file coords.pdb (PDB, C-alpha atoms, pLDDT in the B column)
MODEL        1
ATOM      1  CA  MET F   1       4.730  -5.023   2.580  1.00 86.00           C
ATOM      2  CA  GLY F   2       1.344  -3.732   1.422  1.00 89.00           C
ATOM      3  CA  LEU F   3       1.349  -0.892   3.949  1.00 92.00           C
ATOM      4  CA  LYS F   4       4.842   0.200   2.913  1.00 93.00           C
ATOM      5  CA  ALA F   5       3.920  -0.040  -0.788  1.00 94.00           C
ATOM      6  CA  TRP F   6       0.904   2.253  -0.226  1.00 95.00           C
ATOM      7  CA  ALA F   7       3.106   4.692   1.699  1.00 94.00           C
ATOM      8  CA  GLU F   8       5.505   4.662  -1.261  1.00 95.00           C
ATOM      9  CA  LEU F   9       2.613   5.329  -3.670  1.00 95.00           C
ATOM     10  CA  VAL F  10       1.223   8.248  -1.632  1.00 95.00           C
ATOM     11  CA  GLN F  11       4.759   9.681  -1.249  1.00 95.00           C
ATOM     12  CA  ARG F  12       5.233   9.442  -5.025  1.00 95.00           C
ATOM     13  CA  ILE F  13       2.106  11.556  -5.669  1.00 95.00           C
ATOM     14  CA  TYR F  14       2.248  13.854  -2.619  1.00 95.00           C
ATOM     15  CA  PRO F  15       5.947  14.135  -1.656  1.00 95.00           C
ATOM     16  CA  GLU F  16       5.333  16.807   1.022  1.00 93.00           C
ATOM     17  CA  LEU F  17       2.432  15.033   2.768  1.00 93.00           C
ATOM     18  CA  PRO F  18       3.303  13.389   6.124  1.00 93.00           C
ATOM     19  CA  ILE F  19       2.257   9.725   6.415  1.00 93.00           C
ATOM     20  CA  LEU F  20       0.889   8.201   9.620  1.00 91.00           C
ATOM     21  CA  ARG F  21       1.118   4.468  10.249  1.00 87.00           C
ATOM     22  CA  ASP F  22       0.743   4.358  14.035  1.00 87.00           C
ATOM     23  CA  ARG F  23      -2.924   3.709  14.840  1.00 89.00           C
ATOM     24  CA  SER F  24      -2.654   4.762  18.508  1.00 91.00           C
ATOM     25  CA  ARG F  25      -1.204   8.197  17.594  1.00 89.00           C
ATOM     26  CA  TRP F  26      -3.873   8.614  14.932  1.00 88.00           C
ATOM     27  CA  LEU F  27      -6.726   7.732  17.294  1.00 89.00           C
ATOM     28  CA  ALA F  28      -5.300  10.100  19.922  1.00 89.00           C
ATOM     29  CA  GLY F  29      -5.188  12.908  17.333  1.00 85.00           C
ATOM     30  CA  GLN F  30      -1.433  13.424  17.796  1.00 86.00           C
ATOM     31  CA  PHE F  31      -0.533  14.359  14.232  1.00 88.00           C
ATOM     32  CA  ASP F  32      -0.001  17.420  12.065  1.00 86.00           C
ATOM     33  CA  ARG F  33      -2.360  18.509   9.321  1.00 87.00           C
ATOM     34  CA  PRO F  34      -2.448  17.971   6.386  1.00 91.00           C
ATOM     35  CA  SER F  35      -1.478  14.292   6.545  1.00 93.00           C
ATOM     36  CA  VAL F  36      -2.638  10.839   5.533  1.00 95.00           C
ATOM     37  CA  PHE F  37      -3.227   7.815   7.742  1.00 95.00           C
ATOM     38  CA  ILE F  38      -2.736   4.400   6.094  1.00 95.00           C
ATOM     39  CA  GLU F  39      -3.973   1.070   7.447  1.00 95.00           C
ATOM     40  CA  THR F  40      -4.127  -2.337   5.746  1.00 94.00           C
ATOM     41  CA  ASP F  41      -6.063  -5.448   6.672  1.00 95.00           C
ATOM     42  CA  LEU F  42      -5.403  -8.961   5.358  1.00 94.00           C
ATOM     43  CA  VAL F  43      -8.438 -10.508   3.666  1.00 95.00           C
ATOM     44  CA  SER F  44      -6.982 -13.657   2.116  1.00 94.00           C
ATOM     45  CA  ASP F  45      -3.662 -15.464   1.626  1.00 93.00           C
ATOM     46  CA  LYS F  46      -3.983 -18.365  -0.824  1.00 92.00           C
ATOM     47  CA  ALA F  47      -1.523 -20.431  -2.831  1.00 89.00           C
ATOM     48  CA  HIS F  48      -1.639 -19.194  -6.429  1.00 88.00           C
ATOM     49  CA  THR F  49       1.126 -21.374  -7.873  1.00 86.00           C
ATOM     50  CA  PRO F  50       3.700 -23.607  -6.174  1.00 82.00           C
ATOM     51  CA  ARG F  51       6.082 -20.629  -6.097  1.00 83.00           C
ATOM     52  CA  ALA F  52       3.664 -17.729  -5.360  1.00 89.00           C
ATOM     53  CA  ASP F  53       0.856 -16.788  -2.975  1.00 92.00           C
ATOM     54  CA  ARG F  54      -1.935 -14.375  -3.872  1.00 94.00           C
ATOM     55  CA  ILE F  55      -2.405 -11.841  -1.083  1.00 94.00           C
ATOM     56  CA  ILE F  56      -5.702  -9.920  -0.959  1.00 96.00           C
ATOM     57  CA  GLU F  57      -5.889  -6.945   1.401  1.00 96.00           C
ATOM     58  CA  ASP F  58      -8.074  -3.953   2.146  1.00 97.00           C
ATOM     59  CA  VAL F  59      -6.446  -0.565   2.578  1.00 96.00           C
ATOM     60  CA  GLY F  60      -7.868   2.540   4.171  1.00 95.00           C
ATOM     61  CA  LEU F  61      -6.412   5.957   3.420  1.00 96.00           C
ATOM     62  CA  VAL F  62      -7.626   8.879   5.528  1.00 95.00           C
ATOM     63  CA  PHE F  63      -6.542  12.204   4.007  1.00 95.00           C
ATOM     64  CA  HIS F  64      -6.734  14.843   6.753  1.00 93.00           C
ATOM     65  CA  TYR F  65      -7.254  18.379   5.474  1.00 91.00           C
ATOM     66  CA  ASP F  66      -5.251  21.401   6.541  1.00 87.00           C
ATOM     67  CA  ILE F  67      -6.958  23.971   8.777  1.00 80.00           C
ATOM     68  CA  ASP F  68      -7.279  27.630   7.728  1.00 75.00           C
ATOM     69  CA  ARG F  69      -5.574  29.486  10.570  1.00 67.00           C
ATOM     70  CA  SER F  70      -6.483  32.940   9.264  1.00 68.00           C
ATOM     71  CA  VAL F  71     -10.003  32.500  10.631  1.00 60.00           C
ATOM     72  CA  VAL F  72     -10.382  33.831  14.172  1.00 55.00           C
ATOM     73  CA  GLU F  73     -12.536  30.858  15.194  1.00 57.00           C
ATOM     74  CA  GLU F  74     -11.128  28.301  17.589  1.00 60.00           C
ATOM     75  CA  ASP F  75     -10.937  25.350  15.187  1.00 66.00           C
ATOM     76  CA  GLY F  76     -10.610  27.108  11.850  1.00 70.00           C
ATOM     77  CA  GLU F  77     -12.097  26.085   8.525  1.00 80.00           C
ATOM     78  CA  PRO F  78     -10.786  22.899   6.795  1.00 84.00           C
ATOM     79  CA  ILE F  79      -9.021  23.393   3.456  1.00 86.00           C
ATOM     80  CA  PRO F  80      -9.805  20.313   1.301  1.00 86.00           C
ATOM     81  CA  LEU F  81      -6.840  18.433  -0.168  1.00 89.00           C
ATOM     82  CA  ASP F  82      -7.037  17.990  -3.943  1.00 92.00           C
ATOM     83  CA  LEU F  83      -7.224  14.215  -4.477  1.00 94.00           C
ATOM     84  CA  SER F  84      -7.618  14.402  -8.254  1.00 95.00           C
ATOM     85  CA  PRO F  85      -3.844  13.765  -8.857  1.00 95.00           C
ATOM     86  CA  PHE F  86      -4.120  10.589  -6.776  1.00 96.00           C
ATOM     87  CA  PHE F  87      -7.115   9.203  -8.683  1.00 96.00           C
ATOM     88  CA  LEU F  88      -5.692  10.368 -12.036  1.00 96.00           C
ATOM     89  CA  TYR F  89      -2.447   8.492 -11.296  1.00 96.00           C
ATOM     90  CA  LEU F  90      -4.403   5.296 -10.579  1.00 95.00           C
ATOM     91  CA  ARG F  91      -6.577   5.669 -13.702  1.00 95.00           C
ATOM     92  CA  GLN F  92      -3.543   6.311 -15.934  1.00 96.00           C
ATOM     93  CA  ARG F  93      -2.048   3.028 -14.733  1.00 94.00           C
ATOM     94  CA  ARG F  94      -5.429   1.255 -15.052  1.00 94.00           C
ATOM     95  CA  PHE F  95      -5.415   0.534 -11.313  1.00 95.00           C
ATOM     96  CA  CYS F  96      -2.285  -1.653 -11.635  1.00 95.00           C
ATOM     97  CA  VAL F  97       0.544   0.012  -9.725  1.00 94.00           C
ATOM     98  CA  VAL F  98       4.077  -1.357  -9.401  1.00 93.00           C
ATOM     99  CA  SER F  99       5.949  -0.825  -6.162  1.00 91.00           C
ATOM    100  CA  GLN F 100       9.412   0.298  -7.211  1.00 90.00           C
ATOM    101  CA  ARG F 101      10.849  -0.443  -3.773  1.00 90.00           C
ATOM    102  CA  PHE F 102       9.421  -3.947  -3.299  1.00 88.00           C
ATOM    103  CA  GLY F 103       9.093  -5.045  -6.934  1.00 87.00           C
ATOM    104  CA  PHE F 104       5.523  -6.327  -6.989  1.00 89.00           C
ATOM    105  CA  MET F 105       2.405  -5.116  -8.772  1.00 93.00           C
ATOM    106  CA  MET F 106      -0.774  -4.227  -6.905  1.00 95.00           C
ATOM    107  CA  VAL F 107      -4.010  -4.853  -8.786  1.00 96.00           C
ATOM    108  CA  ILE F 108      -6.471  -2.378  -7.292  1.00 96.00           C
ATOM    109  CA  GLU F 109     -10.259  -2.552  -7.369  1.00 95.00           C
ATOM    110  CA  ALA F 110     -12.455   0.545  -7.696  1.00 93.00           C
ATOM    111  CA  PRO F 111     -12.183   2.919  -4.718  1.00 94.00           C
ATOM    112  CA  ARG F 112     -14.900   3.747  -2.232  1.00 96.00           C
ATOM    113  CA  THR F 113     -14.784   7.287  -0.876  1.00 95.00           C
ATOM    114  CA  ARG F 114     -16.445   8.746   2.181  1.00 95.00           C
ATOM    115  CA  PRO F 115     -16.121  12.530   2.536  1.00 93.00           C
ATOM    116  CA  GLN F 116     -16.127  14.005   6.040  1.00 91.00           C
ATOM    117  CA  ASN F 117     -15.957  17.618   7.182  1.00 88.00           C
ATOM    118  CA  ASP F 118     -12.210  17.635   7.896  1.00 89.00           C
ATOM    119  CA  ARG F 119     -11.016  14.559   5.969  1.00 92.00           C
ATOM    120  CA  MET F 120     -11.638  12.181   3.063  1.00 94.00           C
ATOM    121  CA  GLU F 121     -11.666   8.430   3.679  1.00 96.00           C
ATOM    122  CA  VAL F 122     -10.736   6.249   0.700  1.00 96.00           C
ATOM    123  CA  THR F 123     -10.837   2.446   0.810  1.00 96.00           C
ATOM    124  CA  PHE F 124      -9.617  -0.064  -1.763  1.00 94.00           C
ATOM    125  CA  ARG F 125      -9.363  -3.817  -2.076  1.00 96.00           C
ATOM    126  CA  TYR F 126      -6.200  -4.885  -3.854  1.00 96.00           C
ATOM    127  CA  SER F 127      -4.163  -8.013  -4.500  1.00 96.00           C
ATOM    128  CA  TYR F 128      -0.592  -8.916  -5.312  1.00 94.00           C
ATOM    129  CA  LEU F 129       1.517 -12.042  -5.802  1.00 92.00           C
ATOM    130  CA  LEU F 130       4.157 -12.833  -3.201  1.00 88.00           C
ATOM    131  CA  HIS F 131       7.110 -15.064  -4.128  1.00 84.00           C
ATOM    132  CA  VAL F 132       7.460 -18.177  -1.972  1.00 81.00           C
ATOM    133  CA  PRO F 133      10.912 -19.770  -2.089  1.00 77.00           C
ATOM    134  CA  LYS F 134      10.864 -23.491  -2.801  1.00 71.00           C
ATOM    135  CA  LEU F 135      12.735 -25.586  -0.248  1.00 70.00           C
ATOM    136  CA  VAL F 136      13.593 -29.173  -1.089  1.00 68.00           C
ATOM    137  CA  ILE F 137      14.505 -31.269   1.940  1.00 70.00           C
ATOM    138  CA  LYS F 138      16.047 -34.777   1.998  1.00 68.00           C
ATOM    139  CA  ASP F 139      14.931 -37.584   4.266  1.00 67.00           C
ATOM    140  CA  ASN F 140      17.649 -36.695   6.788  1.00 74.00           C
ATOM    141  CA  GLY F 141      16.275 -33.126   7.146  1.00 72.00           C
ATOM    142  CA  ARG F 142      19.037 -31.330   5.222  1.00 75.00           C
ATOM    143  CA  GLN F 143      18.185 -28.879   2.465  1.00 73.00           C
ATOM    144  CA  ILE F 144      19.160 -29.806  -1.104  1.00 71.00           C
ATOM    145  CA  GLN F 145      21.181 -27.129  -2.877  1.00 69.00           C
ATOM    146  CA  LYS F 146      19.769 -25.918  -6.169  1.00 66.00           C
ATOM    147  CA  ILE F 147      21.942 -26.717  -9.193  1.00 68.00           C
ATOM    148  CA  ASN F 148      22.718 -23.489 -11.035  1.00 69.00           C
ATOM    149  CA  ASP F 149      25.504 -24.606 -13.415  1.00 72.00           C
ATOM    150  CA  PHE F 150      25.486 -27.595 -15.735  1.00 73.00           C
ATOM    151  CA  PHE F 151      28.654 -28.896 -17.396  1.00 75.00           C
ATOM    152  CA  ILE F 152      28.202 -31.002 -20.514  1.00 79.00           C
ATOM    153  CA  GLU F 153      31.097 -32.849 -22.177  1.00 81.00           C
ATOM    154  CA  PRO F 154      31.009 -32.935 -25.972  1.00 81.00           C
ATOM    155  CA  SER F 155      30.756 -36.435 -27.402  1.00 70.00           C
TER     156      SER F 155
ENDMDL
END
call {"tool": "encode", "arguments": {"input": "coords.pdb", "output": "structure tokens"}}
result
Amino acid sequence: MGLKAWAELVQRIYPELPILRDRSRWLAGQFDRPSVFIETDLVSDKAHTPRADRIIEDVGLVFHYDIDRSVVEEDGEPIPLDLSPFFLYLRQRRFCVVSQRFGFMMVIEAPRTRPQNDRMEVTFRYSYLLHVPKLVIKDNGRQIQKINDFFIEPS
């Protein structure tokens, strides 16, 4: 869910930017520019309350720059992607972003950036709470149905 939530966030800020999720295609260089590659890695999954787990993950976003094709050179000159709207969006929300599609809030730590010649690598650590449904099981192994309606007779 974290990977899809980050894809939703990037799509919200950069609607025209293609998103890569397939690591093998990314490593092989089989993608168009400009684009962003997103990868998440689970750090921790702990019980927060009886009904919720706290998930802590790292995310890496690699923003690949477009190439200036007007230059006669073979590779062309990279045209940097303006990442200020992305960081401004996070600052305006105080690094707490709600996924509209999945309905959970990501609490994001300060980013670490690593500029390269043809891309910008941005890494974050973030956490979110994941609902865990409570199952009550009888001795015979059958699940107990939750009581949703109560009928009270007046006395």
call {"tool": "closest_residue", "arguments": {"input": "coords.pdb", "among": "F:Asp53, F:Arg114, F:Tyr128, F:Gly76", "to": "Ser99 in chain F", "atoms": "all atoms listed in the file"}}
result
F:Tyr128
call {"tool": "closest_residue", "arguments": {"input": "coords.pdb", "among": "F:Leu130, F:Asp41, F:Glu109, F:Ile152", "to": "Val97 in chain F", "atoms": "all atoms listed in the file"}}
result
F:Glu109
call {"tool": "residues_around", "arguments": {"input": "coords.pdb", "residues": "Leu90 in chain F", "least_positions_apart": "6", "cutoff": "10 Å", "atoms": "all atoms listed in the file", "output": "ChimeraX atom specification"}}
result
/F:9,84,96-97,108,110
call {"tool": "atom_distance", "arguments": {"input": "coords.pdb", "atom1": "CA of Pro133 in chain F", "atom2": "CA of Asp58 in chain F"}}
result
25.1 Å
call {"tool": "atom_distance", "arguments": {"input": "coords.pdb", "atom1": "CA of Tyr65 in chain F", "atom2": "CA of Pro80 in chain F"}}
result
5.3 Å
call {"tool": "residues_around", "arguments": {"input": "coords.pdb", "residues": "range 10-22 of chain F", "least_positions_apart": "5", "cutoff": "12 Å", "atoms": "only C-alpha atoms", "output": "PyMOL selection string"}}
result
chain F and resi 3-5+27-40+59-66+81-90+97-101
call {"tool": "residues_around", "arguments": {"input": "coords.pdb", "residues": "Glu57 in chain F", "least_positions_apart": "4", "cutoff": "7 Å", "atoms": "all atoms listed in the file", "output": "list in words"}}
result
Thr40, Asp41, Leu42, Val43, Ser44, Arg125, Tyr126 and Ser127 of chain F
call {"tool": "closest_residue", "arguments": {"input": "coords.pdb", "among": "F:Arg23, F:Arg142, F:Arg91, F:Lys134", "to": "Pro50 in chain F", "atoms": "only C-alpha atoms"}}
result
F:Lys134
call {"tool": "atom_distance", "arguments": {"input": "coords.pdb", "atom1": "CA of Ala52 in chain F", "atom2": "CA of Val132 in chain F"}}
result
5.1 Å
